[in-house]
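Colleague: Dropping the structure in here first, questions after.
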Amino acid sequence: MGEPGGGIANGILGTLTIAGLAMAGGIPLAVMSGIYLAEYGRGKFASIVRFAVDMLAGVPSIIMGIFGYVFWVLPMKRFSAWAGAAALAMIFIPVVVRTTEEMLRTVPQSVREAALALGIERWKTTLFITVRTATAGIVTGILLAMARIVGETAPLLFTALGNQFWQSGLDQPIAAIPLQVFNYAISPYDDWHDKAWAGAVVLIGMVLLISAGARYFTRVKK
């Protein structure tokens, strides 16, 4: 930044890296939790899990950043891509859990009953029939949750911190487009302001592409 040819390529890579890590860890946990709540969740424990998910979904993102700072940055004694991904995963997971649960509930009960009547075990019915029927809706929820986390700034301020250079490892501070837009927009330099506008355009384009993908899967579901 500030030199001829400087740009936001490191921020684009950093955003994709952090979001990819958050999704890699969050998708399995979120989808399995949604399956549990929709298909097996009965009783007090399921009610507690559902209440916890609803609470997490409503927590402001800056609070997630503070949690990430306390539980990952302080023990590691450094800002890092891992800490940023963990903070974003806490935002990503509740959205996908609720989406998965709701999509599975839209599958008619007669589909499950028909599979069970044919002698198919319940876990196979859930995995290969119920989940498969709701796949388009689940993928749509995942994409919409991804569109949300790629634009988050507050959690990354406390965890990833930002980096003006190419990151050397996942255990080091890492650049991200939202952080660059924030830092460059409040700077006194015209060159940085240009990069902030460019970063905003790129970020909007990324969200637009993700939203278009979600729309596509919604139409396929219909």
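Chain labels run A, B, ... following the order of the structure tokens; each chain numbers its residues from 1, and ligands are numbered from 1 in the order shown.
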Might you pull out every residue within 8 Å of Leu156 of chain A, with only C-alpha atoms counted and same-chain residues fewer than 3 positions away left off, and present them as a VMD selection string?
Modeller: chain A and resid 65 84 87 152 to 153 159 to 162 179
Colleague: Go through A:Ile174, A:Ile129, A:Val73, A:Val49 and flag the residue nearest Tyr36 of chain A, using only C-alpha atoms for the distances.
Modeller: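 Of all the options, A:Val49 lies closest to Tyr36 of chain A.
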Colleague: Excluding Val207 of chain A and any residue of its chain fewer than 5 positions from it, enumerate the residues within 9 Å of it, using only C-alpha atoms, and give them as a list in words.
Modeller: Leu144, Met146, Ala147, Arg148, Val150, Gly151, Val202 and Ala212 of chain A
Colleague: Just the helix (DSSP H, G or I) stuff from segment 86-163 of chain A, please, per backbone DSSP, written as a ChimeraX atom specification.
Modeller: /A:86-105,109-117,122-133,135-149,154-159
Colleague: Just checking: using only C-alpha atoms, which residue out of A:Gly14, A:Gly7, A:Pro94, A:Gly58 ends up closest to Ser168 of chain A?
Modeller: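 Closest to Ser168 of chain A, using only C-alpha atoms: A:Gly14.
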Colleague: Select, from A:Ile177, A:Lys44, A:Gly6, A:Phe158, the residue with the minimum atom-to-atom distance to Gly205 of chain A, counting only C-alpha atoms.
Modeller: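 That would be A:Ile177, the residue with the smallest distance to Gly205 of chain A.
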Colleague: Any idea what the distance is between atom CA of Ala46 of chain A and atom CA of Ala19 of chain A?
Modeller: 28.4 Å
Colleague: Rounded to one decimal in Å, what is the spacing between atom CA of Ile210 of chain A and atom CA of Ala22 of chain A?
Modeller: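 Those two atoms sit 15.8 Å apart.
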Colleague: Applying 10 Å and only C-alpha atoms, which residues near Phe217 of chain A remain after dropping the ones on its own chain fewer than 4 positions away? List them as an MDAnalysis selection string.
Modeller: chainID A and resid 135:141 143 211:213 221:222
Colleague: Within 10 Å of Pro108 of chain A, counting only C-alpha atoms, which residues show up once you throw out same-chain ones fewer than 4 positions away? Write them as a PyMOL selection string, please.
Modeller: chain A and resi 104+112-113+130+133
Colleague: Write the selection just made, keeping N, CA and C atoms, as a compact mmCIF listing (two decimals), in the first residue's frame?
Modeller:
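See out.txt below for the written result:
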# COMPACT_ATOMS: atom_id res chain seq x y z
N LEU A 104 -35.21 -29.01 6.95
CA LEU A 104 -35.56 -30.42 7.19
C LEU A 104 -37.01 -30.56 7.63
N ARG A 112 -40.58 -39.72 5.22
CA ARG A 112 -39.88 -40.51 6.24
C ARG A 112 -40.62 -41.82 6.50
N GLU A 113 -41.93 -41.72 6.62
CA GLU A 113 -42.73 -42.92 6.91
C GLU A 113 -42.63 -43.95 5.79
N THR A 130 -34.05 -37.75 3.81
CA THR A 130 -34.51 -36.46 4.33
C THR A 130 -33.53 -35.34 4.02
N THR A 133 -33.26 -34.57 0.32
CA THR A 133 -34.41 -33.82 -0.18
C THR A 133 -34.28 -32.33 0.13
Colleague: Set the distance at 8 Å and use only C-alpha atoms: which residues neighbour Ile8 of chain A once local chain neighbours fewer than 2 positions away are removed? I'd like the list as a ChimeraX atom specification.
Modeller: /A:6,10-12,177,180,195,199
Colleague: So which residues touch Ile66 of chain A within 12 Å, counting only C-alpha atoms, skipping near sequence neighbours fewer than 2 positions away, as a list in words?
Modeller: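 The filter keeps Val59, Pro60, Ser61, Ile62, Ile63, Met64, Gly68, Tyr69, Val70, Phe71, Trp72, Val73, Leu74, Ala83, Gly84, Ala86, Ala87, Leu88, Met90, Ala154, Pro155, Leu156, Leu157, Phe158, Thr159 and Ala160 of chain A.
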Colleague: Go ahead and dump the residues you just picked, N, CA and C atoms, as a PDB file, in the first residue's frame.
Modeller:
ATOM      1  N   VAL A  59     -26.581 -12.316  18.988  1.00  0.00           N
ATOM      2  CA  VAL A  59     -25.486 -11.600  19.638  1.00  0.00           C
ATOM      3  C   VAL A  59     -24.801 -10.672  18.631  1.00  0.00           C
ATOM      4  N   PRO A  60     -24.541  -9.411  18.987  1.00  0.00           N
ATOM      5  CA  PRO A  60     -23.835  -8.506  18.066  1.00  0.00           C
ATOM      6  C   PRO A  60     -22.465  -9.052  17.681  1.00  0.00           C
ATOM      7  N   SER A  61     -22.053  -8.788  16.457  1.00  0.00           N
ATOM      8  CA  SER A  61     -20.799  -9.362  15.959  1.00  0.00           C
ATOM      9  C   SER A  61     -19.587  -8.874  16.741  1.00  0.00           C
ATOM     10  N   ILE A  62     -19.635  -7.668  17.266  1.00  0.00           N
ATOM     11  CA  ILE A  62     -18.483  -7.172  18.017  1.00  0.00           C
ATOM     12  C   ILE A  62     -18.267  -7.985  19.296  1.00  0.00           C
ATOM     13  N   ILE A  63     -19.362  -8.492  19.874  1.00  0.00           N
ATOM     14  CA  ILE A  63     -19.234  -9.344  21.053  1.00  0.00           C
ATOM     15  C   ILE A  63     -18.526 -10.646  20.681  1.00  0.00           C
ATOM     16  N   MET A  64     -18.822 -11.177  19.489  1.00  0.00           N
ATOM     17  CA  MET A  64     -18.122 -12.370  19.017  1.00  0.00           C
ATOM     18  C   MET A  64     -16.632 -12.090  18.871  1.00  0.00           C
ATOM     19  N   GLY A  68     -13.635 -13.982  20.747  1.00  0.00           N
ATOM     20  CA  GLY A  68     -12.500 -14.511  20.008  1.00  0.00           C
ATOM     21  C   GLY A  68     -11.181 -14.003  20.559  1.00  0.00           C
ATOM     22  N   TYR A  69     -11.156 -12.748  20.964  1.00  0.00           N
ATOM     23  CA  TYR A  69      -9.937 -12.184  21.546  1.00  0.00           C
ATOM     24  C   TYR A  69      -9.573 -12.866  22.861  1.00  0.00           C
ATOM     25  N   VAL A  70     -10.593 -13.107  23.679  1.00  0.00           N
ATOM     26  CA  VAL A  70     -10.348 -13.704  24.994  1.00  0.00           C
ATOM     27  C   VAL A  70      -9.946 -15.172  24.880  1.00  0.00           C
ATOM     28  N   PHE A  71     -10.625 -15.927  24.024  1.00  0.00           N
ATOM     29  CA  PHE A  71     -10.430 -17.372  23.982  1.00  0.00           C
ATOM     30  C   PHE A  71      -9.373 -17.839  22.990  1.00  0.00           C
ATOM     31  N   TRP A  72      -9.005 -16.983  22.020  1.00  0.00           N
ATOM     32  CA  TRP A  72      -7.994 -17.422  21.044  1.00  0.00           C
ATOM     33  C   TRP A  72      -6.772 -16.514  21.002  1.00  0.00           C
ATOM     34  N   VAL A  73      -6.976 -15.206  20.962  1.00  0.00           N
ATOM     35  CA  VAL A  73      -5.845 -14.292  20.834  1.00  0.00           C
ATOM     36  C   VAL A  73      -4.993 -14.277  22.099  1.00  0.00           C
ATOM     37  N   LEU A  74      -5.627 -14.138  23.243  1.00  0.00           N
ATOM     38  CA  LEU A  74      -4.862 -14.090  24.487  1.00  0.00           C
ATOM     39  C   LEU A  74      -4.109 -15.393  24.774  1.00  0.00           C
ATOM     40  N   ALA A  83      -7.758 -17.210  14.742  1.00  0.00           N
ATOM     41  CA  ALA A  83      -8.640 -16.492  15.666  1.00  0.00           C
ATOM     42  C   ALA A  83      -9.763 -15.796  14.905  1.00  0.00           C
ATOM     43  N   GLY A  84      -9.435 -15.188  13.766  1.00  0.00           N
ATOM     44  CA  GLY A  84     -10.467 -14.551  12.955  1.00  0.00           C
ATOM     45  C   GLY A  84     -11.499 -15.541  12.454  1.00  0.00           C
ATOM     46  N   ALA A  86     -12.290 -18.408  13.842  1.00  0.00           N
ATOM     47  CA  ALA A  86     -13.089 -18.875  14.975  1.00  0.00           C
ATOM     48  C   ALA A  86     -14.188 -17.876  15.319  1.00  0.00           C
ATOM     49  N   ALA A  87     -13.852 -16.587  15.285  1.00  0.00           N
ATOM     50  CA  ALA A  87     -14.860 -15.562  15.582  1.00  0.00           C
ATOM     51  C   ALA A  87     -15.966 -15.557  14.527  1.00  0.00           C
ATOM     52  N   LEU A  88     -15.587 -15.679  13.257  1.00  0.00           N
ATOM     53  CA  LEU A  88     -16.598 -15.712  12.202  1.00  0.00           C
ATOM     54  C   LEU A  88     -17.426 -16.993  12.261  1.00  0.00           C
ATOM     55  N   MET A  90     -18.429 -18.484  14.888  1.00  0.00           N
ATOM     56  CA  MET A  90     -19.462 -18.309  15.903  1.00  0.00           C
ATOM     57  C   MET A  90     -20.659 -17.528  15.365  1.00  0.00           C
ATOM     58  N   ALA A 154     -16.059  -5.990  12.642  1.00  0.00           N
ATOM     59  CA  ALA A 154     -15.814  -5.910  14.085  1.00  0.00           C
ATOM     60  C   ALA A 154     -15.121  -7.142  14.654  1.00  0.00           C
ATOM     61  N   PRO A 155     -15.557  -8.373  14.327  1.00  0.00           N
ATOM     62  CA  PRO A 155     -14.863  -9.532  14.906  1.00  0.00           C
ATOM     63  C   PRO A 155     -13.396  -9.614  14.488  1.00  0.00           C
ATOM     64  N   LEU A 156     -13.093  -9.187  13.273  1.00  0.00           N
ATOM     65  CA  LEU A 156     -11.715  -9.279  12.780  1.00  0.00           C
ATOM     66  C   LEU A 156     -10.799  -8.230  13.400  1.00  0.00           C
ATOM     67  N   LEU A 157     -11.372  -7.121  13.843  1.00  0.00           N
ATOM     68  CA  LEU A 157     -10.560  -6.106  14.513  1.00  0.00           C
ATOM     69  C   LEU A 157      -9.925  -6.648  15.787  1.00  0.00           C
ATOM     70  N   PHE A 158     -10.627  -7.574  16.452  1.00  0.00           N
ATOM     71  CA  PHE A 158     -10.137  -8.132  17.709  1.00  0.00           C
ATOM     72  C   PHE A 158      -9.357  -9.429  17.522  1.00  0.00           C
ATOM     73  N   THR A 159      -9.372  -9.994  16.331  1.00  0.00           N
ATOM     74  CA  THR A 159      -8.802 -11.331  16.154  1.00  0.00           C
ATOM     75  C   THR A 159      -7.756 -11.415  15.043  1.00  0.00           C
ATOM     76  N   ALA A 160      -8.118 -10.967  13.834  1.00  0.00           N
ATOM     77  CA  ALA A 160      -7.182 -11.057  12.711  1.00  0.00           C
ATOM     78  C   ALA A 160      -6.293  -9.826  12.616  1.00  0.00           C
TER      79      ALA A 160
END
